[in-house]
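coords37.cif (mmCIF, C-alpha atoms)
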```cif
data_data
loop_
_atom_site.label_atom_id
_atom_site.label_comp_id
_atom_site.auth_asym_id
_atom_site.auth_seq_id
_atom_site.Cartn_x
_atom_site.Cartn_y
_atom_site.Cartn_z
CA MET A 29 15.57 24.14 -22.17
CA THR A 30 13.05 24.71 -19.37
CA ALA A 31 13.59 23.09 -15.98
CA ARG A 32 10.56 20.81 -16.47
CA ARG A 33 11.85 19.56 -19.81
CA GLU A 34 15.22 18.92 -18.21
CA LEU A 35 13.48 16.81 -15.55
CA VAL A 36 11.60 14.88 -18.24
CA ALA A 37 14.89 14.27 -20.06
CA LEU A 38 16.60 12.99 -16.91
CA VAL A 39 13.73 10.68 -15.95
CA GLY A 40 13.49 9.48 -19.55
CA ALA A 41 17.21 8.68 -19.64
CA ASP A 42 16.95 6.76 -16.38
CA LEU A 43 13.94 4.75 -17.58
CA LEU A 44 15.67 3.97 -20.88
CA SER A 45 18.70 2.81 -18.92
CA ASN A 46 16.45 0.58 -16.79
CA LEU A 47 14.84 -0.83 -19.93
CA GLY A 48 18.30 -1.68 -21.25
CA SER A 49 19.15 -3.42 -17.99
CA ARG A 50 15.94 -5.48 -18.18
CA ILE A 51 16.71 -6.50 -21.77
CA SER A 52 20.19 -7.62 -20.78
CA VAL A 53 18.74 -9.78 -17.98
CA VAL A 54 17.01 -11.79 -20.72
CA ALA A 55 19.52 -11.52 -23.55
CA ILE A 56 22.78 -12.36 -21.77
CA PRO A 57 21.59 -15.66 -20.20
CA TRP A 58 20.09 -16.57 -23.61
CA LEU A 59 23.48 -15.91 -25.20
CA VAL A 60 25.03 -18.27 -22.66
CA LEU A 61 22.39 -20.91 -23.35
CA GLU A 62 22.98 -20.69 -27.10
CA THR A 63 26.76 -20.85 -26.83
CA THR A 64 27.22 -23.31 -23.92
CA GLY A 65 23.88 -25.08 -23.36
CA SER A 66 24.61 -24.97 -19.60
CA PRO A 67 21.96 -23.85 -17.05
CA THR A 68 24.71 -23.65 -14.44
CA LYS A 69 26.61 -21.11 -16.51
CA MET A 70 23.38 -19.16 -17.02
CA GLY A 71 23.10 -18.84 -13.24
CA LEU A 72 26.74 -17.86 -12.92
CA VAL A 73 26.46 -15.05 -15.44
CA ALA A 74 23.35 -13.69 -13.70
CA ALA A 75 25.16 -13.69 -10.34
CA ALA A 76 28.23 -12.10 -11.93
CA GLU A 77 26.16 -9.00 -12.73
CA THR A 78 24.00 -8.84 -9.59
CA LEU A 79 26.69 -8.93 -6.91
CA PRO A 80 28.88 -6.16 -8.42
CA TYR A 81 25.72 -4.10 -8.97
CA LEU A 82 24.90 -4.23 -5.26
CA LEU A 83 28.48 -3.57 -4.17
CA SER A 84 29.04 -0.63 -6.52
CA SER A 85 25.72 0.92 -5.46
CA ALA A 86 27.14 1.14 -1.95
CA LEU A 87 30.85 1.71 -2.60
CA GLY A 88 30.83 3.86 -5.76
CA PRO A 89 29.02 7.08 -4.71
CA PRO A 90 31.98 8.63 -2.79
CA LEU A 91 33.97 8.49 -6.05
CA ALA A 92 31.03 10.03 -7.92
CA ASP A 93 31.09 13.00 -5.52
CA ARG A 94 34.70 13.60 -6.57
CA ILE A 95 34.21 13.08 -10.30
CA GLY A 96 30.88 14.93 -10.44
CA LEU A 97 27.41 13.40 -10.60
CA ARG A 98 26.56 14.31 -14.19
CA ARG A 99 29.98 13.28 -15.47
CA THR A 100 29.78 9.97 -13.59
CA SER A 101 26.37 9.23 -15.10
CA ILE A 102 27.62 9.91 -18.62
CA LEU A 103 30.79 7.84 -18.16
CA ALA A 104 28.84 4.92 -16.67
CA ASP A 105 26.45 4.85 -19.63
CA ILE A 106 29.24 5.16 -22.21
CA GLY A 107 31.17 2.39 -20.47
CA SER A 108 28.09 0.17 -20.32
CA ALA A 109 27.47 0.68 -24.04
CA GLY A 110 31.04 -0.24 -24.99
CA LEU A 111 31.12 -3.29 -22.73
CA MET A 112 27.77 -4.57 -24.01
CA VAL A 113 29.24 -4.50 -27.53
CA ALA A 114 32.09 -6.63 -26.19
CA VAL A 115 29.58 -8.98 -24.51
CA ALA A 116 27.90 -9.55 -27.89
CA LEU A 117 31.27 -10.76 -29.21
CA THR A 118 32.07 -13.12 -26.32
CA PRO A 119 31.19 -16.31 -28.23
CA PHE A 120 34.50 -15.66 -29.97
CA ILE A 121 36.55 -14.96 -26.81
CA GLY A 122 35.17 -17.40 -24.21
CA PHE A 123 32.96 -17.74 -21.15
CA GLY A 124 35.56 -16.44 -18.68
CA ALA A 125 35.76 -13.18 -20.58
CA LEU A 126 31.96 -12.97 -20.55
CA LEU A 127 31.87 -13.29 -16.75
CA ALA A 128 34.47 -10.53 -16.38
CA LEU A 129 32.68 -8.20 -18.79
CA VAL A 130 29.28 -8.76 -17.17
CA ALA A 131 30.77 -8.07 -13.73
CA VAL A 132 32.13 -4.72 -14.93
CA VAL A 133 28.80 -3.88 -16.57
CA GLY A 134 27.06 -4.62 -13.26
CA THR A 135 29.53 -2.35 -11.48
CA LEU A 136 28.87 0.53 -13.87
CA ARG A 137 25.10 0.03 -13.80
CA GLY A 138 25.04 0.12 -10.00
CA VAL A 139 26.84 3.47 -9.88
CA GLY A 140 25.01 4.95 -12.87
CA ASP A 141 21.54 4.08 -11.57
CA ARG A 142 22.17 5.53 -8.11
CA ILE A 143 23.70 8.74 -9.47
CA LYS A 144 20.73 9.48 -11.73
CA HIS A 145 18.46 9.13 -8.69
CA VAL A 146 20.60 11.62 -6.76
CA MET A 147 20.24 14.13 -9.61
CA PHE A 148 16.44 13.87 -9.48
CA ARG A 149 16.20 16.11 -6.42
CA PRO A 150 17.97 19.28 -7.62
CA VAL A 151 16.39 19.02 -11.08
CA ALA A 152 12.88 18.49 -9.61
CA GLU A 153 13.31 21.38 -7.18
CA ALA A 154 14.45 23.66 -10.00
CA ALA A 155 11.34 22.60 -11.95
CA GLY A 156 9.05 23.25 -8.98
CA VAL A 157 7.86 19.60 -8.89
CA LYS A 158 7.01 18.10 -5.51
CA LEU A 159 9.32 15.22 -4.68
CA ILE A 160 6.48 12.99 -3.48
CA ARG A 161 4.74 13.35 -6.85
CA LEU A 162 7.98 12.71 -8.73
CA THR A 163 8.79 9.53 -6.79
CA SER A 164 5.25 8.21 -7.25
CA VAL A 165 5.15 8.86 -11.00
CA TYR A 166 8.66 7.46 -11.40
CA ASP A 167 7.76 4.30 -9.48
CA GLY A 168 4.74 3.74 -11.73
CA LEU A 169 6.74 4.29 -14.92
CA GLY A 170 9.47 2.04 -13.57
CA ARG A 171 6.94 -0.76 -13.13
CA VAL A 172 5.82 -0.33 -16.73
CA VAL A 173 9.46 -0.58 -17.85
CA THR A 174 9.91 -3.72 -15.74
CA LEU A 175 6.83 -5.27 -17.32
CA LEU A 176 7.98 -4.37 -20.84
CA GLY A 177 11.68 -5.13 -20.43
CA ALA A 178 11.59 -8.93 -20.48
CA GLY A 179 9.05 -8.94 -23.32
CA VAL A 180 11.06 -6.48 -25.39
CA GLY A 181 14.19 -8.54 -24.80
CA GLY A 182 12.44 -11.70 -25.96
CA LEU A 183 11.06 -10.00 -29.06
CA LEU A 184 14.45 -8.55 -29.98
CA ILE A 185 16.02 -12.01 -29.71
CA TRP A 186 13.24 -13.49 -31.83
CA TRP A 187 13.37 -10.78 -34.50
CA PHE A 188 17.10 -10.13 -34.78
CA GLY A 189 18.94 -12.89 -32.91
CA VAL A 190 20.65 -12.65 -29.55
CA THR A 191 23.81 -10.88 -30.79
CA TRP A 192 21.87 -8.02 -32.38
CA ALA A 193 19.55 -7.85 -29.37
CA ILE A 194 22.59 -7.19 -27.15
CA LEU A 195 23.94 -4.61 -29.62
CA ILE A 196 20.58 -2.80 -29.58
CA ASP A 197 20.78 -2.92 -25.78
CA ALA A 198 24.23 -1.31 -25.98
CA ALA A 199 22.78 1.44 -28.17
CA SER A 200 20.16 2.21 -25.49
CA PHE A 201 22.92 2.98 -22.98
CA ALA A 202 24.68 5.20 -25.52
CA VAL A 203 21.46 7.14 -26.07
CA CYS A 204 21.17 7.66 -22.29
CA ALA A 205 24.65 9.15 -22.22
CA VAL A 206 23.79 11.52 -25.08
CA ILE A 207 20.54 12.64 -23.38
CA VAL A 208 22.26 13.45 -20.09
CA ALA A 209 25.24 15.09 -21.83
CA THR A 210 23.12 17.37 -24.02
CA LEU A 211 19.87 17.97 -22.14
CA VAL A 212 20.57 17.74 -18.40
CA ARG A 213 22.38 20.43 -16.37
CA PRO A 214 21.47 19.84 -12.71
CA PRO A 215 22.25 22.60 -10.20
CA ALA A 216 25.27 21.78 -8.09
CA PRO A 217 24.02 20.25 -4.81
CA ALA A 218 24.85 22.10 -1.62
CA GLY A 219 27.83 20.62 0.17
CA ALA A 220 29.25 18.96 -2.95
CA PRO A 221 32.67 20.67 -2.79
CA ALA A 222 33.16 19.58 0.82
CA ALA A 223 32.15 16.02 -0.05
CA ALA A 224 34.61 15.96 -2.94
CA ARG A 225 37.51 16.96 -0.65
CA GLN A 226 36.97 14.08 1.78
CA GLY A 227 39.04 10.92 1.66
CA TYR A 228 37.27 7.88 0.22
CA LEU A 229 36.98 5.90 3.46
CA SER A 230 35.96 8.97 5.43
CA ALA A 231 33.28 9.80 2.86
CA LEU A 232 31.96 6.24 2.80
CA GLY A 233 31.98 6.06 6.59
CA GLY A 234 29.93 9.25 6.76
CA GLY A 235 27.13 7.55 4.83
CA PHE A 236 27.21 4.50 7.11
CA ARG A 237 27.21 6.65 10.24
CA TYR A 238 24.24 8.66 9.05
CA LEU A 239 22.18 5.55 8.29
CA GLY A 240 23.05 4.17 11.70
CA ARG A 241 21.68 7.31 13.36
CA ASP A 242 18.53 7.72 11.25
CA ARG A 243 16.40 4.93 12.71
CA THR A 244 13.34 5.88 10.65
CA LEU A 245 15.16 5.62 7.33
CA LEU A 246 16.97 2.46 8.38
CA SER A 247 13.73 0.76 9.42
CA MET A 248 12.13 1.67 6.08
CA LEU A 249 15.09 0.14 4.24
CA LEU A 250 14.98 -3.07 6.28
CA VAL A 251 11.25 -3.44 5.60
CA ILE A 252 11.75 -2.97 1.86
CA SER A 253 14.69 -5.38 1.80
CA ALA A 254 12.52 -8.02 3.51
CA LEU A 255 9.65 -7.35 1.08
CA ASN A 256 12.02 -7.65 -1.88
CA MET A 257 13.27 -10.97 -0.55
CA VAL A 258 9.75 -12.38 -0.28
CA VAL A 259 8.68 -10.91 -3.64
CA ASN A 260 11.64 -12.56 -5.37
CA ALA A 261 10.88 -15.88 -3.65
CA SER A 262 7.28 -15.55 -4.84
CA ILE A 263 8.21 -14.79 -8.45
CA ALA A 264 10.94 -17.42 -8.69
CA VAL A 265 9.40 -20.25 -6.65
CA TYR A 266 6.07 -19.86 -4.84
CA ILE A 267 3.80 -18.54 -7.61
CA PRO A 268 5.15 -20.87 -10.36
CA LEU A 269 4.69 -23.90 -8.06
CA TRP A 270 1.17 -22.84 -7.05
CA VAL A 271 0.23 -22.32 -10.70
CA ALA A 272 1.70 -25.71 -11.67
CA ASP A 273 -0.01 -27.54 -8.78
CA VAL A 274 -3.42 -25.83 -8.92
CA LEU A 275 -3.90 -24.65 -12.50
CA GLY A 276 -1.52 -26.84 -14.47
CA SER A 277 -1.06 -24.10 -17.07
CA PRO A 278 1.72 -21.52 -17.41
CA ALA A 279 -0.88 -18.98 -18.52
CA GLY A 280 -1.88 -18.65 -14.86
CA LEU A 281 1.60 -17.38 -14.04
CA GLY A 282 1.07 -14.33 -16.25
CA LEU A 283 -2.36 -13.73 -14.71
CA VAL A 284 -1.11 -13.74 -11.12
CA LEU A 285 1.95 -11.60 -11.82
CA GLY A 286 -0.12 -9.30 -14.02
CA ALA A 287 -2.72 -8.81 -11.27
CA PHE A 288 -0.01 -7.61 -8.88
CA SER A 289 1.47 -5.27 -11.49
CA ALA A 290 -1.96 -3.90 -12.42
CA GLY A 291 -2.73 -3.20 -8.76
CA ALA A 292 0.62 -1.46 -8.38
CA LEU A 293 -0.05 0.77 -11.39
CA LEU A 294 -3.47 1.74 -10.03
CA GLY A 295 -1.90 2.39 -6.65
CA ASN A 296 0.68 4.67 -8.25
CA LEU A 297 -2.05 6.71 -9.93
CA LEU A 298 -3.99 7.06 -6.66
CA PHE A 299 -0.88 7.91 -4.66
CA THR A 300 0.24 10.51 -7.18
CA MET A 301 -3.04 12.35 -6.57
CA LEU A 302 -3.46 11.74 -2.83
CA GLY A 303 0.10 11.28 -1.58
CA PRO A 304 0.86 14.88 -0.53
CA ARG A 305 -2.21 14.85 1.77
CA LEU A 306 -1.51 11.52 3.48
CA ARG A 307 0.35 10.92 6.73
CA ARG A 308 3.59 9.39 5.52
CA ASP A 309 4.61 7.03 8.32
CA LEU A 310 1.16 5.45 8.59
CA THR A 311 0.75 5.20 4.81
CA PHE A 312 4.13 3.46 4.47
CA ALA A 313 3.35 1.01 7.26
CA VAL A 314 -0.13 0.13 5.98
CA GLY A 315 1.12 -0.22 2.40
CA ALA A 316 3.92 -2.57 3.47
CA ALA A 317 1.54 -4.67 5.57
CA VAL A 318 -1.00 -4.96 2.74
CA SER A 319 1.60 -5.75 0.08
CA GLY A 320 3.06 -8.91 1.61
CA PRO A 321 1.18 -11.27 3.95
CA PRO A 322 -2.28 -11.29 2.27
CA ARG A 323 -1.08 -12.51 -1.12
CA LEU A 324 1.11 -15.19 0.44
CA LEU A 325 -1.70 -16.46 2.67
CA VAL A 326 -4.23 -16.61 -0.16
CA LEU A 327 -1.84 -18.83 -2.13
CA ALA A 328 -1.45 -21.05 0.94
CA PHE A 329 -5.16 -21.49 1.66
CA SER A 330 -7.04 -20.98 -1.62
CA GLU A 331 -7.20 -22.78 -4.95
CA ASP A 332 -9.73 -20.32 -6.36
CA LEU A 333 -8.00 -18.28 -9.09
CA PRO A 334 -10.40 -15.27 -8.98
CA VAL A 335 -9.87 -14.98 -5.20
CA VAL A 336 -6.10 -15.18 -5.63
CA LEU A 337 -6.17 -12.55 -8.38
CA ALA A 338 -8.34 -10.19 -6.31
CA VAL A 339 -6.13 -10.40 -3.21
CA THR A 340 -2.98 -10.11 -5.31
CA PHE A 341 -4.39 -7.01 -7.02
CA VAL A 342 -5.07 -5.34 -3.64
CA SER A 343 -1.55 -6.24 -2.48
CA GLY A 344 -0.21 -4.52 -5.59
CA ILE A 345 -2.05 -1.34 -4.59
CA GLY A 346 -0.34 -1.56 -1.19
CA ILE A 347 3.18 -1.87 -2.60
CA ALA A 348 2.66 1.24 -4.75
CA VAL A 349 3.13 3.60 -1.78
CA VAL A 350 6.23 1.96 -0.32
CA ASN A 351 8.96 2.85 -2.82
CA PRO A 352 7.81 6.46 -3.44
CA LEU A 353 7.77 7.19 0.30
CA LEU A 354 11.24 5.72 0.69
CA GLY A 355 12.39 7.89 -2.22
CA VAL A 356 11.03 11.05 -0.59
CA ALA A 357 12.70 10.13 2.70
CA LEU A 358 16.04 9.64 0.94
CA TYR A 359 15.76 13.06 -0.71
CA GLU A 360 14.54 14.98 2.34
CA ARG A 361 16.22 13.44 5.39
CA PRO A 362 19.99 13.18 4.70
CA PRO A 363 22.04 16.40 4.54
CA ALA A 364 22.91 17.46 0.99
CA ASP A 365 26.61 16.62 1.38
CA LEU A 366 25.75 13.03 2.42
CA GLN A 367 22.93 12.38 0.00
CA THR A 368 24.92 10.66 -2.76
CA ARG A 369 26.44 8.18 -0.33
CA VAL A 370 23.24 7.56 1.62
CA ILE A 371 21.23 6.91 -1.56
CA GLY A 372 23.93 4.52 -2.78
CA LEU A 373 23.99 2.58 0.49
CA ALA A 374 20.20 2.60 0.64
CA GLY A 375 19.89 1.12 -2.85
CA SER A 376 22.31 -1.65 -1.99
CA LEU A 377 20.53 -2.44 1.28
CA ALA A 378 17.06 -2.34 -0.27
CA PHE A 379 18.07 -4.78 -3.03
CA ALA A 380 20.12 -7.04 -0.73
CA GLY A 381 17.09 -9.26 -0.17
CA LEU A 382 16.71 -10.09 -3.87
CA PRO A 383 19.56 -12.64 -4.21
CA LEU A 384 18.45 -14.38 -1.01
CA GLY A 385 14.79 -14.57 -2.00
CA ALA A 386 14.97 -17.29 -4.64
CA LEU A 387 17.43 -19.34 -2.58
CA LEU A 388 15.32 -19.21 0.58
CA GLY A 389 12.13 -19.80 -1.42
CA GLY A 390 13.49 -22.98 -2.93
CA TRP A 391 14.94 -24.19 0.36
CA SER A 392 11.72 -23.54 2.30
CA VAL A 393 9.55 -25.46 -0.18
CA THR A 394 12.02 -28.38 -0.18
CA ALA A 395 12.09 -28.47 3.61
CA LEU A 396 8.45 -27.68 4.45
CA GLY A 397 6.30 -28.08 1.34
CA LEU A 398 4.62 -25.26 -0.55
CA GLY A 399 1.72 -24.50 1.83
CA PRO A 400 3.79 -24.36 5.05
CA ALA A 401 6.52 -22.39 3.25
CA LEU A 402 3.96 -19.78 2.18
CA VAL A 403 2.59 -19.52 5.73
CA ALA A 404 6.12 -19.16 7.15
CA ALA A 405 6.95 -16.43 4.61
CA ALA A 406 3.67 -14.64 5.41
CA LEU A 407 4.36 -14.75 9.16
CA PHE A 408 7.89 -13.42 8.62
CA THR A 409 6.58 -10.58 6.45
CA LEU A 410 3.79 -9.85 8.94
CA VAL A 411 6.27 -9.47 11.80
CA VAL A 412 8.58 -7.24 9.74
CA THR A 413 5.76 -4.95 8.57
CA ALA A 414 3.94 -4.91 11.92
CA LEU A 415 6.83 -3.12 13.63
CA PRO A 416 6.59 0.15 11.64
CA LEU A 417 2.78 -0.10 11.77
CA ALA A 418 2.85 -0.29 15.56
CA ALA A 419 5.24 2.66 15.69
CA ALA A 420 3.02 4.71 13.37
CA LEU A 421 -0.10 4.00 15.43
CA ARG A 422 1.58 4.79 18.76
CA PRO A 423 0.30 8.11 20.16
CA PRO A 424 2.92 10.86 20.33
CA PRO A 425 4.41 11.51 23.77
CA ARG A 426 2.70 14.17 25.84
CA PRO A 427 4.73 17.35 26.26
CA THR A 428 6.29 17.89 29.65
CA PRO A 429 5.28 20.97 31.65
CA ALA A 430 8.53 22.62 30.61
CA GLU A 431 7.62 22.19 26.93
CA VAL A 432 4.04 23.55 27.24
#
```
Translate this structure into structure tokens?
Amino acid sequence: MTARRELVALVGADLLSNLGSRISVVAIPWLVLETTGSPTKMGLVAAAETLPYLLSSALGPPLADRIGLRRTSILADIGSAGLMVAVALTPFIGFGALLALVAVVGTLRGVGDRIKHVMFRPVAEAAGVKLIRLTSVYDGLGRVVTLLGAGVGGLLIWWFGVTWAILIDAASFAVCAVIVATLVRPPAPAGAPAAARQGYLSALGGGFRYLGRDRTLLSMLLVISALNMVVNASIAVYIPLWVADVLGSPAGLGLVLGAFSAGALLGNLLFTMLGPRLRRDLTFAVGAAVSGPPRLLVLAFSEDLPVVLAVTFVSGIGIAVVNPLLGVALYERPPADLQTRVIGLAGSLAFAGLPLGALLGGWSVTALGLGPALVAAALFTLVVTALPLAAALRPPPRPTPAEV
């Protein structure tokens, strides 16, 4: 197999794994609803997967360095497939068992997702593909998978029932394991043997210490975590309430969310073509600033749907540059022997804002009302994104006479 086909196989396996994860986000809560009728238990099962996912993303990579990246990816997918079969049978073994199984699935998914991303770099370099193009294309395809995932999950439940939908989801993870096992042979990353010899705590601490020193990478992660928090608050609370108050029709929810996704897809296409020629720090800062405050403010001050859709579309174009540039930074900045751990910690930190988003969104609307809550969220996002923008626009220091 050529190096480019190997890269396609790896990216395809990762996207299929993501599609399976999106299907499970729909199917497992529906299983709980069918078997218990309890919204509270639906929330519990969602949290039972999310928290272990975040923790294993940060804490699992040192173990993956010891086991081997490819082997870890295969084992995580096989384990996820087997456990999802067990999840489909939980109506017969109880809700407590379901929580435990979902928590282990979340743990495996967190490790498996991060490890596939680590393997992207050596496979892309062997294929002669620029990392900035890979991260941009991958981000665009990932957004398509996110858009399709919930719909595919709903259709599978409708066509086959929730138990078979979960079994089909399990099969998707098994297919991922087969693809990686048979079609992907990434070159061994430099520094891997040394990383494997380190003790667990020493290896994990090395990742933390590196992130603490790399202020550029850390600031990018904090910006993305804040954006994720506000995006989740928007999807879970702000946009549905605005649609209900202004439009009175759930169809508007799909229009607003679709406008953002459509803008992001267009932005991915543009960035794939133009990205290698753009100044990275300024592009990241402008994209982050465009992606957040404008679409929050237009919801706060406008009841005109076309205006809201237009601004939301432009904000989607802005967000399209943020994740690819973070991906390139994660591949290029950390030393090879630290990359697995840094990418794991970065994924956990970047997604840390997601669980808080819906909670803070609901609290802010209850305390302030929808309009003031949107303005407060916009101001928060503006401050967070203005800091890297100011740093990017600051002129470089003049060389001293000794440096001339």
* Structure fact -> Computed gap from atom CA of Ser101 of chain A to atom CA of Gly140 of chain A is 5.0 Å
* Asked: Looking at A:Arg33, A:Asp197, A:Gly170, A:Pro150, which one is nearest to Leu111 of chain A, with distances taken over only C-alpha atoms?
  ->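 For Leu111 of chain A, the nearest of the given residues is A:Asp197.
As for atom CA of Ala55 of chain A and atom CA of Ser262 of chain A, they are spaced 22.7 Å apart.
Of the residues under consideration (A:Ala292, A:Ala406, A:Ile121, A:Leu250), A:Leu250 shows the shortest atom-to-atom contact distance to Ala378 of chain A when counting all atoms listed in the file.
Among the candidate residues A:Trp58, A:Phe148, A:Phe120, A:Phe329, the one lying nearest to Leu35 of chain A is A:Phe148, with distances computed using only C-alpha atoms.
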* To do: Can you give me, as number ranges by chain, the residues this file yields under the PyMOL selection byres ((chain A and resi 252) around 10)?
  => A: 246-251, 253-258, 316, 347, 350-351, 354, 377-381, 412-413
* segment 84-92 of chain A: which residues within 8 Å, counting all atoms listed in the file, same-chain residues fewer than 2 positions away excluded, as a list of chain:residue names? ->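 The residues satisfying every condition are A:Pro80, A:Tyr81, A:Leu82, A:Arg94, A:Ile95, A:Gly96, A:Leu97, A:Thr100, A:Thr135, A:Leu136, A:Gly138, A:Val139, A:Arg142, A:Ile143, A:Ala223, A:Ala224, A:Tyr228, A:Ala231, A:Leu232, A:Thr368, A:Arg369, A:Gly372, A:Leu373, A:Ala374, A:Gly375, A:Ser376.
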* To do: To verify the selection step, state as a ChimeraX atom specification which residues the PyMOL selection byres ((chain A and resi 304-312) around 7) yields on this input.
  => /A:160,302-303,313-316,349-350,353,417,420
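Across A:Phe288, A:Phe299, A:Phe123, A:Tyr266, the tightest approach to Ala328 of chain A is made by A:Tyr266 when counting all atoms listed in the file.
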Will you model N, CA and C atoms for segment 75-93 of chain A and pass it back as a compact mmCIF listing (two decimals), in the frame of the given file?
```
# COMPACT_ATOMS: atom_id res chain seq x y z
N ALA A 75 24.56 -14.09 -11.61
CA ALA A 75 25.16 -13.69 -10.34
C ALA A 75 26.34 -12.75 -10.55
N ALA A 76 27.07 -12.95 -11.65
CA ALA A 76 28.23 -12.10 -11.93
C ALA A 76 27.85 -10.65 -12.14
N GLU A 77 26.61 -10.39 -12.56
CA GLU A 77 26.16 -9.00 -12.73
C GLU A 77 25.52 -8.47 -11.46
N THR A 78 24.77 -9.31 -10.74
CA THR A 78 24.00 -8.84 -9.59
C THR A 78 24.89 -8.41 -8.43
N LEU A 79 25.86 -9.24 -8.07
CA LEU A 79 26.69 -8.93 -6.91
C LEU A 79 27.50 -7.64 -7.10
N PRO A 80 28.20 -7.45 -8.23
CA PRO A 80 28.88 -6.16 -8.42
C PRO A 80 27.93 -4.98 -8.44
N TYR A 81 26.71 -5.18 -8.96
CA TYR A 81 25.72 -4.10 -8.97
C TYR A 81 25.44 -3.64 -7.54
N LEU A 82 25.20 -4.59 -6.64
CA LEU A 82 24.90 -4.23 -5.26
C LEU A 82 26.10 -3.57 -4.58
N LEU A 83 27.30 -4.11 -4.82
CA LEU A 83 28.48 -3.57 -4.17
C LEU A 83 28.79 -2.16 -4.68
N SER A 84 28.70 -1.95 -5.99
CA SER A 84 29.04 -0.63 -6.52
C SER A 84 28.00 0.41 -6.13
N SER A 85 26.74 -0.02 -5.94
CA SER A 85 25.72 0.92 -5.46
C SER A 85 26.11 1.51 -4.12
N ALA A 86 26.74 0.68 -3.28
CA ALA A 86 27.14 1.14 -1.95
C ALA A 86 28.50 1.81 -1.95
N LEU A 87 29.46 1.27 -2.72
CA LEU A 87 30.85 1.71 -2.60
C LEU A 87 31.24 2.77 -3.63
N GLY A 88 30.46 2.93 -4.70
CA GLY A 88 30.83 3.86 -5.76
C GLY A 88 30.49 5.32 -5.53
N PRO A 89 29.40 5.67 -4.82
CA PRO A 89 29.02 7.08 -4.71
C PRO A 89 30.08 8.03 -4.17
N PRO A 90 30.95 7.67 -3.20
CA PRO A 90 31.98 8.63 -2.79
C PRO A 90 32.89 9.05 -3.95
N LEU A 91 33.17 8.13 -4.87
CA LEU A 91 33.97 8.49 -6.05
C LEU A 91 33.19 9.41 -6.97
N ALA A 92 31.86 9.18 -7.07
CA ALA A 92 31.03 10.03 -7.92
C ALA A 92 31.01 11.46 -7.40
N ASP A 93 31.04 11.65 -6.07
CA ASP A 93 31.09 13.00 -5.52
C ASP A 93 32.36 13.73 -5.99
```
